[in-house]
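Coordinates from entry38.cif are shown below (mmCIF, C-alpha atoms and all ligand atoms).
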```cif
data_structure
#
loop_
_atom_site.label_atom_id
_atom_site.label_comp_id
_atom_site.auth_asym_id
_atom_site.auth_seq_id
_atom_site.Cartn_x
_atom_site.Cartn_y
_atom_site.Cartn_z
CA MET G 1154 -50.78 -49.15 -108.81
CA SER G 1155 -53.03 -47.64 -111.47
CA GLN G 1156 -54.60 -44.25 -110.79
CA ALA G 1157 -57.89 -43.17 -112.33
CA THR G 1158 -56.31 -39.76 -112.92
CA SER G 1159 -53.92 -41.10 -115.57
CA ALA G 1160 -56.55 -41.08 -118.33
CA PRO G 1161 -59.37 -38.59 -118.76
CA PRO G 1162 -62.70 -40.17 -117.81
CA PRO G 1163 -64.86 -41.14 -120.77
CA GLY G 1164 -67.84 -38.86 -121.45
CA PRO G 1165 -71.29 -39.71 -120.08
CA GLU G 1166 -73.63 -42.02 -121.96
CA PRO G 1167 -76.81 -40.26 -123.03
CA GLY G 1168 -79.91 -40.99 -120.94
CA ILE G 1169 -78.02 -42.20 -117.87
CA ASP G 1170 -77.25 -39.97 -114.87
CA PRO G 1171 -73.53 -39.04 -115.27
CA LEU G 1172 -72.93 -39.52 -111.54
CA ASP G 1173 -74.43 -43.02 -111.74
CA GLN G 1174 -72.04 -43.80 -114.56
CA ARG G 1175 -69.00 -42.44 -112.72
CA LEU G 1176 -70.02 -44.33 -109.61
CA THR G 1177 -70.35 -47.65 -111.43
CA ARG G 1178 -67.06 -47.13 -113.25
CA ASN G 1179 -65.20 -46.04 -110.13
CA LEU G 1180 -66.33 -49.00 -108.05
CA ALA G 1181 -65.75 -51.54 -110.83
CA ASP G 1182 -62.01 -51.52 -110.09
CA ILE G 1183 -62.55 -52.49 -106.45
CA ARG G 1184 -62.73 -56.21 -105.67
CA HIS G 1185 -64.32 -56.18 -102.19
CA LYS G 1186 -66.46 -53.48 -100.60
CA LEU G 1187 -66.98 -53.83 -96.86
CA VAL G 1188 -69.38 -51.52 -95.02
CA VAL G 1189 -68.67 -51.31 -91.30
CA MET G 1190 -71.94 -50.69 -89.45
CA SER G 1191 -73.18 -50.60 -85.88
CA GLY G 1192 -76.60 -50.17 -84.34
CA LYS G 1193 -75.44 -48.02 -81.47
CA GLY G 1194 -72.97 -45.14 -81.54
CA GLY G 1195 -69.65 -45.23 -79.76
CA VAL G 1196 -69.16 -49.00 -79.88
CA GLY G 1197 -65.91 -48.69 -81.86
CA LYS G 1198 -67.12 -48.94 -85.46
CA SER G 1199 -64.59 -46.40 -86.80
CA THR G 1200 -61.82 -48.05 -84.80
CA VAL G 1201 -62.71 -51.46 -86.26
CA ALA G 1202 -62.94 -49.94 -89.77
CA ALA G 1203 -59.41 -48.51 -89.29
CA GLU G 1204 -58.16 -51.83 -87.90
CA LEU G 1205 -59.54 -53.70 -90.90
CA ALA G 1206 -58.04 -51.19 -93.33
CA VAL G 1207 -54.59 -51.13 -91.72
CA GLY G 1208 -54.58 -54.92 -91.17
CA LEU G 1209 -55.56 -55.70 -94.75
CA SER G 1210 -52.90 -53.32 -96.06
CA LEU G 1211 -50.30 -55.01 -93.82
CA ALA G 1212 -51.44 -58.33 -95.28
CA GLY G 1213 -50.40 -57.01 -98.69
CA TYR G 1214 -53.75 -55.85 -100.07
CA ARG G 1215 -54.47 -52.46 -101.68
CA VAL G 1216 -56.98 -50.77 -99.41
CA GLY G 1217 -59.12 -47.64 -99.46
CA LEU G 1218 -60.83 -46.34 -96.32
CA LEU G 1219 -63.89 -44.17 -96.95
CA ASP G 1220 -65.44 -42.32 -94.01
CA VAL G 1221 -69.07 -41.43 -94.73
CA ASP G 1222 -69.90 -40.60 -91.12
CA LEU G 1223 -70.94 -37.06 -92.08
CA HIS G 1224 -71.91 -35.88 -88.60
CA GLY G 1225 -69.04 -37.39 -86.61
CA PRO G 1226 -66.14 -38.25 -88.90
CA SER G 1227 -63.48 -39.73 -86.59
CA ILE G 1228 -61.16 -41.33 -89.13
CA PRO G 1229 -58.98 -38.26 -89.96
CA ARG G 1230 -58.45 -37.54 -86.27
CA MET G 1231 -57.62 -41.15 -85.37
CA LEU G 1232 -55.20 -41.45 -88.29
CA GLY G 1233 -53.67 -38.01 -87.73
CA ILE G 1234 -54.64 -36.66 -91.16
CA ALA G 1235 -54.60 -32.88 -91.12
CA GLY G 1236 -55.34 -30.46 -93.95
CA HIS G 1237 -57.64 -31.01 -96.87
CA ALA G 1238 -57.97 -33.53 -99.66
CA GLU G 1239 -56.78 -32.35 -103.06
CA VAL G 1240 -59.62 -31.68 -105.49
CA LEU G 1241 -58.70 -31.76 -109.18
CA THR G 1242 -61.04 -29.01 -110.21
CA ASP G 1243 -60.87 -29.58 -113.98
CA GLU G 1244 -62.31 -33.05 -113.77
CA GLN G 1245 -64.06 -32.51 -110.41
CA LEU G 1246 -62.19 -35.51 -109.01
CA ILE G 1247 -61.06 -35.98 -105.42
CA LYS G 1248 -57.64 -37.42 -104.60
CA PRO G 1249 -57.55 -39.68 -101.54
CA VAL G 1250 -54.89 -39.09 -98.90
CA ILE G 1251 -52.14 -41.67 -99.38
CA ILE G 1252 -50.91 -43.08 -96.07
CA ASP G 1253 -48.65 -45.51 -97.92
CA GLU G 1254 -48.65 -47.52 -101.13
CA GLY G 1255 -51.33 -49.91 -99.80
CA LEU G 1256 -53.57 -47.55 -97.84
CA LYS G 1257 -55.55 -44.55 -99.06
CA VAL G 1258 -58.11 -42.60 -97.07
CA ILE G 1259 -60.88 -40.11 -97.72
CA SER G 1260 -63.35 -38.56 -95.31
CA VAL G 1261 -65.97 -35.91 -95.86
CA GLU G 1262 -64.16 -33.91 -93.20
CA LEU G 1263 -61.15 -33.55 -95.53
CA LEU G 1264 -63.41 -31.68 -97.97
CA MET G 1265 -64.97 -29.29 -95.45
CA PRO G 1266 -63.56 -25.74 -95.34
CA ASP G 1267 -64.13 -25.53 -91.58
CA LYS G 1268 -63.45 -28.78 -89.72
CA GLU G 1269 -64.97 -27.54 -86.48
CA ALA G 1270 -68.31 -26.64 -88.11
CA SER G 1271 -71.25 -29.01 -87.65
CA VAL G 1272 -72.86 -30.61 -90.69
CA ILE G 1273 -76.55 -29.67 -90.80
CA TRP G 1274 -77.83 -31.35 -93.93
CA ARG G 1275 -81.13 -32.95 -94.79
CA GLY G 1276 -81.37 -36.36 -96.45
CA PRO G 1277 -81.05 -35.37 -100.15
CA MET G 1278 -77.89 -33.34 -99.46
CA LYS G 1279 -76.32 -36.21 -97.53
CA ILE G 1280 -77.24 -38.69 -100.25
CA GLY G 1281 -75.69 -36.41 -102.90
CA VAL G 1282 -72.43 -35.98 -100.99
CA ILE G 1283 -72.05 -39.71 -100.36
CA ARG G 1284 -72.79 -40.57 -103.99
CA GLN G 1285 -70.24 -37.98 -105.06
CA LEU G 1286 -67.63 -39.48 -102.74
CA MET G 1287 -68.33 -42.90 -104.25
CA GLY G 1288 -68.14 -41.63 -107.80
CA ASP G 1289 -65.38 -39.02 -107.72
CA VAL G 1290 -62.58 -40.33 -105.49
CA THR G 1291 -59.67 -41.52 -107.62
CA TRP G 1292 -58.86 -44.72 -105.76
CA GLY G 1293 -57.42 -46.55 -108.73
CA ALA G 1294 -57.57 -50.35 -108.50
CA LEU G 1295 -58.18 -51.62 -104.97
CA ASP G 1296 -58.57 -55.02 -103.36
CA PHE G 1297 -60.69 -53.61 -100.53
CA LEU G 1298 -62.76 -50.51 -99.92
CA ILE G 1299 -63.67 -50.23 -96.24
CA ILE G 1300 -66.60 -47.87 -95.72
CA ASP G 1301 -67.14 -46.42 -92.25
CA ALA G 1302 -70.87 -45.63 -92.04
CA PRO G 1303 -72.46 -43.72 -89.15
CA PRO G 1304 -74.35 -45.74 -86.53
CA GLY G 1305 -77.97 -46.72 -87.08
CA THR G 1306 -80.06 -47.22 -90.17
CA GLY G 1307 -80.40 -43.71 -91.60
CA ASP G 1308 -79.68 -42.04 -94.95
CA GLU G 1309 -75.95 -42.76 -94.98
CA PRO G 1310 -75.98 -46.58 -94.67
CA LEU G 1311 -79.06 -46.68 -96.90
CA THR G 1312 -77.25 -44.66 -99.61
CA VAL G 1313 -74.23 -46.94 -99.39
CA ALA G 1314 -76.44 -50.03 -99.55
CA GLN G 1315 -78.29 -48.76 -102.60
CA ASN G 1316 -75.25 -47.52 -104.50
CA VAL G 1317 -72.45 -49.97 -103.83
CA GLU G 1318 -73.07 -53.14 -105.73
CA GLY G 1319 -71.64 -56.23 -104.08
CA ALA G 1320 -71.13 -54.55 -100.70
CA LYS G 1321 -70.91 -56.79 -97.65
CA VAL G 1322 -71.44 -55.66 -94.07
CA VAL G 1323 -69.23 -56.04 -91.02
CA LEU G 1324 -71.32 -55.43 -87.90
CA VAL G 1325 -69.71 -54.07 -84.75
CA THR G 1326 -71.19 -54.23 -81.27
CA THR G 1327 -70.12 -54.28 -77.66
CA PRO G 1328 -71.28 -57.18 -75.48
CA GLN G 1329 -73.80 -54.92 -73.70
CA GLU G 1330 -77.52 -55.67 -74.15
CA ILE G 1331 -78.35 -52.06 -75.03
CA ALA G 1332 -75.90 -52.23 -77.95
CA LEU G 1333 -77.17 -55.66 -78.96
CA ALA G 1334 -80.77 -54.41 -79.13
CA ASP G 1335 -79.70 -51.76 -81.68
CA LEU G 1336 -77.55 -54.30 -83.48
CA ARG G 1337 -80.64 -56.44 -84.11
CA LYS G 1338 -82.17 -53.45 -85.90
CA SER G 1339 -79.07 -53.15 -88.12
CA LEU G 1340 -79.38 -56.84 -88.85
CA ASP G 1341 -83.00 -56.39 -89.84
CA PHE G 1342 -81.95 -53.43 -92.07
CA CYS G 1343 -79.43 -55.70 -93.84
CA ARG G 1344 -82.05 -58.41 -94.31
CA GLN G 1345 -84.64 -55.99 -95.69
CA LEU G 1346 -82.13 -54.55 -98.16
CA ASP G 1347 -80.65 -57.94 -99.08
CA LEU G 1348 -77.24 -56.77 -97.88
CA PRO G 1349 -75.07 -59.78 -97.08
CA VAL G 1350 -73.40 -59.70 -93.67
CA LEU G 1351 -69.81 -60.91 -93.71
CA GLY G 1352 -69.70 -61.24 -89.94
CA LEU G 1353 -69.85 -59.65 -86.54
CA VAL G 1354 -67.12 -58.18 -84.32
CA GLU G 1355 -67.49 -57.83 -80.57
CA ASN G 1356 -65.52 -54.76 -79.48
CA MET G 1357 -64.67 -53.54 -75.97
CA ALA G 1358 -64.97 -57.15 -74.87
CA GLY G 1359 -63.47 -56.78 -71.41
CA LEU G 1360 -60.00 -55.69 -70.37
CA VAL G 1361 -57.08 -57.12 -68.47
CA CYS G 1362 -56.82 -55.46 -65.05
CA PRO G 1363 -53.46 -53.61 -64.89
CA HIS G 1364 -53.23 -54.37 -61.15
CA CYS G 1365 -54.17 -58.05 -60.76
CA GLY G 1366 -53.99 -59.28 -64.40
CA GLY G 1367 -57.55 -60.67 -64.13
CA GLN G 1368 -60.19 -60.31 -66.84
CA VAL G 1369 -62.74 -57.52 -66.21
CA ASP G 1370 -65.90 -57.83 -68.33
CA PHE G 1371 -67.13 -54.30 -67.73
CA LEU G 1372 -69.75 -54.42 -70.54
CA GLY G 1373 -70.83 -58.03 -69.97
CA GLN G 1374 -69.55 -61.11 -71.69
CA GLY G 1375 -70.17 -62.91 -74.96
CA GLY G 1376 -73.24 -60.94 -76.08
CA GLY G 1377 -71.88 -60.40 -79.61
CA GLN G 1378 -70.83 -64.00 -80.05
CA ASP G 1379 -74.21 -65.27 -78.78
CA THR G 1380 -76.08 -62.93 -81.14
CA ALA G 1381 -73.93 -64.09 -84.05
CA ALA G 1382 -74.66 -67.74 -83.21
CA ARG G 1383 -78.40 -67.11 -82.82
CA SER G 1384 -78.58 -65.14 -86.10
CA GLY G 1385 -76.52 -67.57 -88.13
CA LEU G 1386 -73.72 -65.02 -88.60
CA LYS G 1387 -70.00 -65.60 -88.70
CA PHE G 1388 -68.34 -64.37 -85.49
CA LEU G 1389 -65.20 -62.57 -86.67
CA GLY G 1390 -63.73 -62.12 -83.21
CA ARG G 1391 -63.55 -60.32 -79.93
CA LEU G 1392 -61.46 -57.18 -79.40
CA PRO G 1393 -60.63 -56.23 -75.80
CA TRP G 1394 -60.70 -52.69 -74.50
CA ASP G 1395 -57.13 -51.49 -74.81
CA PRO G 1396 -56.10 -48.18 -73.23
CA LYS G 1397 -53.14 -47.91 -75.64
CA LEU G 1398 -55.52 -48.05 -78.58
CA MET G 1399 -57.68 -45.24 -77.23
CA ALA G 1400 -54.64 -43.06 -76.46
CA ALA G 1401 -53.19 -43.70 -79.94
CA ALA G 1402 -56.51 -42.84 -81.62
CA ASP G 1403 -56.81 -39.64 -79.57
CA ALA G 1404 -53.26 -38.66 -80.53
CA GLY G 1405 -53.77 -39.44 -84.25
CA ARG G 1406 -51.28 -42.31 -84.09
CA LEU G 1407 -53.56 -45.29 -84.65
CA VAL G 1408 -51.77 -46.47 -87.80
CA SER G 1409 -48.35 -46.63 -86.14
CA LEU G 1410 -49.75 -48.47 -83.10
CA LEU G 1411 -51.62 -51.00 -85.26
CA ARG G 1412 -48.52 -51.57 -87.41
CA ARG G 1413 -46.41 -52.14 -84.32
CA ASP G 1414 -48.99 -54.55 -82.84
CA TRP G 1415 -49.38 -56.67 -86.00
CA GLY G 1416 -48.13 -59.81 -84.22
CA GLU G 1417 -49.52 -63.32 -84.63
CA ASP G 1418 -51.56 -62.99 -81.43
CA ALA G 1419 -52.90 -59.44 -82.03
CA PRO G 1420 -56.69 -59.66 -81.56
CA TYR G 1421 -57.38 -57.40 -84.57
CA ARG G 1422 -55.19 -59.60 -86.77
CA GLY G 1423 -57.52 -62.48 -85.87
CA VAL G 1424 -60.51 -60.43 -87.12
CA VAL G 1425 -58.68 -59.63 -90.38
CA GLN G 1426 -57.82 -63.33 -90.85
CA GLU G 1427 -61.43 -64.40 -90.32
CA ALA G 1428 -62.69 -61.77 -92.78
CA LEU G 1429 -60.17 -62.93 -95.40
CA ASP G 1430 -61.21 -66.51 -94.77
CA MET G 1431 -64.89 -65.67 -95.30
CA LEU G 1432 -64.00 -63.98 -98.60
CA GLY G 1433 -61.87 -66.88 -99.80
CA GLU G 1434 -58.74 -64.71 -99.85
CA ARG G 1435 -55.30 -65.83 -98.74
CA LYS G 1436 -54.58 -65.23 -95.09
CA ALA G 1437 -52.48 -62.48 -93.57
N1 LIG V 1501 -61.15 -51.72 -78.27
C1 LIG V 1501 -60.99 -50.48 -77.84
N2 LIG V 1501 -60.14 -50.19 -76.83
C2 LIG V 1501 -59.98 -48.91 -76.38
N3 LIG V 1501 -60.63 -47.87 -76.89
C3 LIG V 1501 -61.49 -48.11 -77.89
C4 LIG V 1501 -61.71 -49.39 -78.43
N4 LIG V 1501 -62.63 -49.29 -79.43
C5 LIG V 1501 -62.94 -48.01 -79.52
N5 LIG V 1501 -62.27 -47.27 -78.60
C6 LIG V 1501 -62.37 -45.84 -78.33
O1 LIG V 1501 -63.75 -45.58 -78.06
C7 LIG V 1501 -64.15 -44.35 -78.65
C8 LIG V 1501 -65.30 -44.60 -79.64
O2 LIG V 1501 -64.78 -45.38 -80.72
P1 LIG V 1501 -65.21 -45.12 -82.23
O3 LIG V 1501 -65.15 -43.67 -82.55
O4 LIG V 1501 -64.44 -46.07 -83.05
O5 LIG V 1501 -66.73 -45.56 -82.12
P2 LIG V 1501 -67.89 -45.43 -83.22
O6 LIG V 1501 -68.79 -46.57 -82.97
O7 LIG V 1501 -67.29 -45.32 -84.57
O8 LIG V 1501 -68.52 -44.07 -82.79
P3 LIG V 1501 -69.58 -43.15 -83.61
O9 LIG V 1501 -70.87 -43.34 -82.90
O10 LIG V 1501 -69.02 -41.76 -83.46
O11 LIG V 1501 -69.60 -43.59 -85.04
C9 LIG V 1501 -62.91 -43.77 -79.30
O12 LIG V 1501 -62.31 -42.92 -78.36
C10 LIG V 1501 -62.01 -44.98 -79.52
O13 LIG V 1501 -60.62 -44.64 -79.50
#
```
Written as C-alpha cells, how would this file's structure read?
Amino acid sequence: MSQATSAPPPGPEPGIDPLDQRLTRNLADIRHKLVVMSGKGGVGKSTVAAELAVGLSLAGYRVGLLDVDLHGPSIPRMLGIAGHAEVLTDEQLIKPVIIDEGLKVISVELLMPDKEASVIWRGPMKIGVIRQLMGDVTWGALDFLIIDAPPGTGDEPLTVAQNVEGAKVVLVTTPQEIALADLRKSLDFCRQLDLPVLGLVENMAGLVCPHCGGQVDFLGQGGGQDTAARSGLKFLGRLPWDPKLMAAADAGRLVSLLRRDWGEDAPYRGVVQEALDMLGERKA
C-alpha cells in the first residue's frame, strides 16, 4: 500500500491556500468518502462508523476511519487505541494509527496532549483543526474514508461537507420519534448543501429478550425504515441493540468482536453489503 510519506510533498502553488492544496491532493487518492451523521446524539453513529470501517476492511478494502467528533471522540476508546498519533514534525504530517494492513484510524483525541481535557474551541478553531486533519493525515491510497462527524448540523459536519469533494452521507437514527425529528433536520442539511445521502441505518432497533427469546422494541419499531421510504432514501438496514457490542466498545475491544461476528447473518454485514451495492462495488 502506498504511503504519502514516501515522497516529499510538492511545494504549494502560488495564489492558492497551501492547506487547500494539501487537502485536495490528500483526498484525491481516496475512492469513496462516507460521512456518518446523526441528528441526535447517542444513537450509535460512532459505533456504526466503526462497523462500516471494520466490515469494509474485512471485505478486502483499504479503509481509513477519521473521527472529527471534537467534543466527544469515542473512536479511540471503542477501538482500544491508547497513546498519541505520530506527528512527522519536519513535514507537519500526521501518521494514522494502523490497526492492520486494511484499517487505519485517526482521531483528534490522538493529537491532544491531555485526553481528559475538554475541547473548548469556537467555530474557526474547529474548522481549522478539521481541515488540517483532512489535509495532513498520511493515509496513502484508500478505497474508503469513513468520517465520524458529531451529531447535529454544526461546524464539524459543515466543514466536512464543504471540504470533502464527492462525500456521501450515511445517516444513523434509532426508531424513536425524538431521534427521527432530529434526523429530518440532518436530511434537510444534506439537501441544502447538495450532499448526497447513500442511505439510512436504524440502530438500537429492538433486542432479543435473554429470558424468553422474544423481540423487545424498546425504542419503537420501524421508524428509520419508514422515514427512509418517505424520504426516498435507501434503507441500509436495522441493527439490534446488542449487549455484547456495548461491552466490547466499553472495553476497547470492538474490532475483535466485529471480526469474530463477521458471519453471513451478522446484521452489520448486511449494512456493509447494502452500502457496497449502492456504490456499485463488489459485495463482501
Ligand atoms: N447496537 C448497539 N447495541 C448496543 N450498544 C450500542 C449499540 N449502538 C451503540 N451502542 C452503545 O451506545 C452508546 C452510544 O453509542 P455511540 O457512541 O456510537 O453513539 P453516537 O451517536 O456516536 O454518540 P455521540 O452523540 O457521542 O456522537 C455506546 O456506549 C455504544 O457502545
- Message: Between atom CA of G:Pro1328 and atom CA of G:Arg1435, what distance in Å does the model show, to one decimal?
- Response: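 We find that atom CA of G:Pro1328 and atom CA of G:Arg1435 lie 29.5 Å from each other.
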- Task: Return as JSON, numbers by chain every polymer residue, whether protein, DNA or RNA, with at least one atom no more than 6 Å from an atom of ligand LIG 1501 (chain V); count all atoms listed in the file.
- Result: {"G": [1194, 1195, 1196, 1197, 1198, 1199, 1200, 1225, 1227, 1303, 1304, 1356, 1357, 1392, 1393, 1394, 1395, 1396, 1398, 1399, 1402]}
- Message: What's the separation between atom CA of G:Arg1406 and atom CA of G:Met1287, in Å to one decimal place?
- Response: 26.4 Å
Excluding G:Glu1239 and residues on its chain fewer than 5 positions from it, collect all residues at most 12 Å away from it, counting all atoms listed in the file, and give them as a short mmCIF file (atom, residue, chain, number, x, y, z; two decimals) with C-alpha atoms, in the frame of the given file.
```cif
data_model
loop_
_atom_site.label_atom_id
_atom_site.label_comp_id
_atom_site.auth_asym_id
_atom_site.auth_seq_id
_atom_site.Cartn_x
_atom_site.Cartn_y
_atom_site.Cartn_z
CA GLN G 1245 -64.06 -32.51 -110.41
CA LEU G 1246 -62.19 -35.51 -109.01
CA ILE G 1247 -61.06 -35.98 -105.42
CA LYS G 1248 -57.64 -37.42 -104.60
CA PRO G 1249 -57.55 -39.68 -101.54
CA VAL G 1250 -54.89 -39.09 -98.90
CA ILE G 1251 -52.14 -41.67 -99.38
CA VAL G 1258 -58.11 -42.60 -97.07
CA ILE G 1259 -60.88 -40.11 -97.72
CA SER G 1260 -63.35 -38.56 -95.31
CA LEU G 1263 -61.15 -33.55 -95.53
CA LEU G 1264 -63.41 -31.68 -97.97
CA MET G 1265 -64.97 -29.29 -95.45
CA ASP G 1289 -65.38 -39.02 -107.72
CA VAL G 1290 -62.58 -40.33 -105.49
CA THR G 1291 -59.67 -41.52 -107.62
#
```
- Extract, using all atoms listed in the file, all DNA, RNA and protein residues at most 12 Å from stretch 1403-1405 of chain G, discarding same-chain residues fewer than 5 positions from it, and format them as a PyMOL selection string. chain G and resi 1200+1203+1227-1235+1396-1398+1410-1411
- Using all atoms listed in the file, what residues lie at most 6 Å away from (-68.1, -61.0, -86.9) (file coordinates), given as a PyMOL selection string? chain G and resi 1352-1354+1387-1390
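Taking atom CA of G:Gly1359 and atom CA of G:Ala1302 as endpoints, the distance between them is 24.6 Å.
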- Query: Counting only C-alpha atoms, what is within 8 Å of stretch 1215-1219 of chain G, bar same-chain residues fewer than 3 positions away, as a list in words?
  - Reply: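 Those residues are Ala1202, Ala1203, Ala1206, Leu1209, Ser1210, Glu1254, Gly1255, Leu1256, Lys1257, Val1258, Ile1259, Ser1260, Trp1292, Ala1294, Leu1295, Asp1296, Phe1297, Leu1298, Ile1299, Ile1300 and Asp1301 of chain G.
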Write out, as a PDB file, in the frame of the given file, the residues just selected, with C-alpha atoms.
```
ATOM      1  CA  ALA G1202     -62.940 -49.940 -89.770  1.00  0.00           C
ATOM      2  CA  ALA G1203     -59.410 -48.510 -89.290  1.00  0.00           C
ATOM      3  CA  ALA G1206     -58.040 -51.190 -93.330  1.00  0.00           C
ATOM      4  CA  LEU G1209     -55.560 -55.700 -94.750  1.00  0.00           C
ATOM      5  CA  SER G1210     -52.900 -53.320 -96.060  1.00  0.00           C
ATOM      6  CA  GLU G1254     -48.650 -47.520-101.130  1.00  0.00           C
ATOM      7  CA  GLY G1255     -51.330 -49.910 -99.800  1.00  0.00           C
ATOM      8  CA  LEU G1256     -53.570 -47.550 -97.840  1.00  0.00           C
ATOM      9  CA  LYS G1257     -55.550 -44.550 -99.060  1.00  0.00           C
ATOM     10  CA  VAL G1258     -58.110 -42.600 -97.070  1.00  0.00           C
ATOM     11  CA  ILE G1259     -60.880 -40.110 -97.720  1.00  0.00           C
ATOM     12  CA  SER G1260     -63.350 -38.560 -95.310  1.00  0.00           C
ATOM     13  CA  TRP G1292     -58.860 -44.720-105.760  1.00  0.00           C
ATOM     14  CA  ALA G1294     -57.570 -50.350-108.500  1.00  0.00           C
ATOM     15  CA  LEU G1295     -58.180 -51.620-104.970  1.00  0.00           C
ATOM     16  CA  ASP G1296     -58.570 -55.020-103.360  1.00  0.00           C
ATOM     17  CA  PHE G1297     -60.690 -53.610-100.530  1.00  0.00           C
ATOM     18  CA  LEU G1298     -62.760 -50.510 -99.920  1.00  0.00           C
ATOM     19  CA  ILE G1299     -63.670 -50.230 -96.240  1.00  0.00           C
ATOM     20  CA  ILE G1300     -66.600 -47.870 -95.720  1.00  0.00           C
ATOM     21  CA  ASP G1301     -67.140 -46.420 -92.250  1.00  0.00           C
TER      22      ASP G1301
END
```
- Query: Hey, which of G:Ala1212, G:Val1201, G:Leu1429, G:Ala1181 ends up closest to G:Trp1415? Count only C-alpha atoms.
  - Reply: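 Closest to G:Trp1415, using only C-alpha atoms: G:Ala1212.
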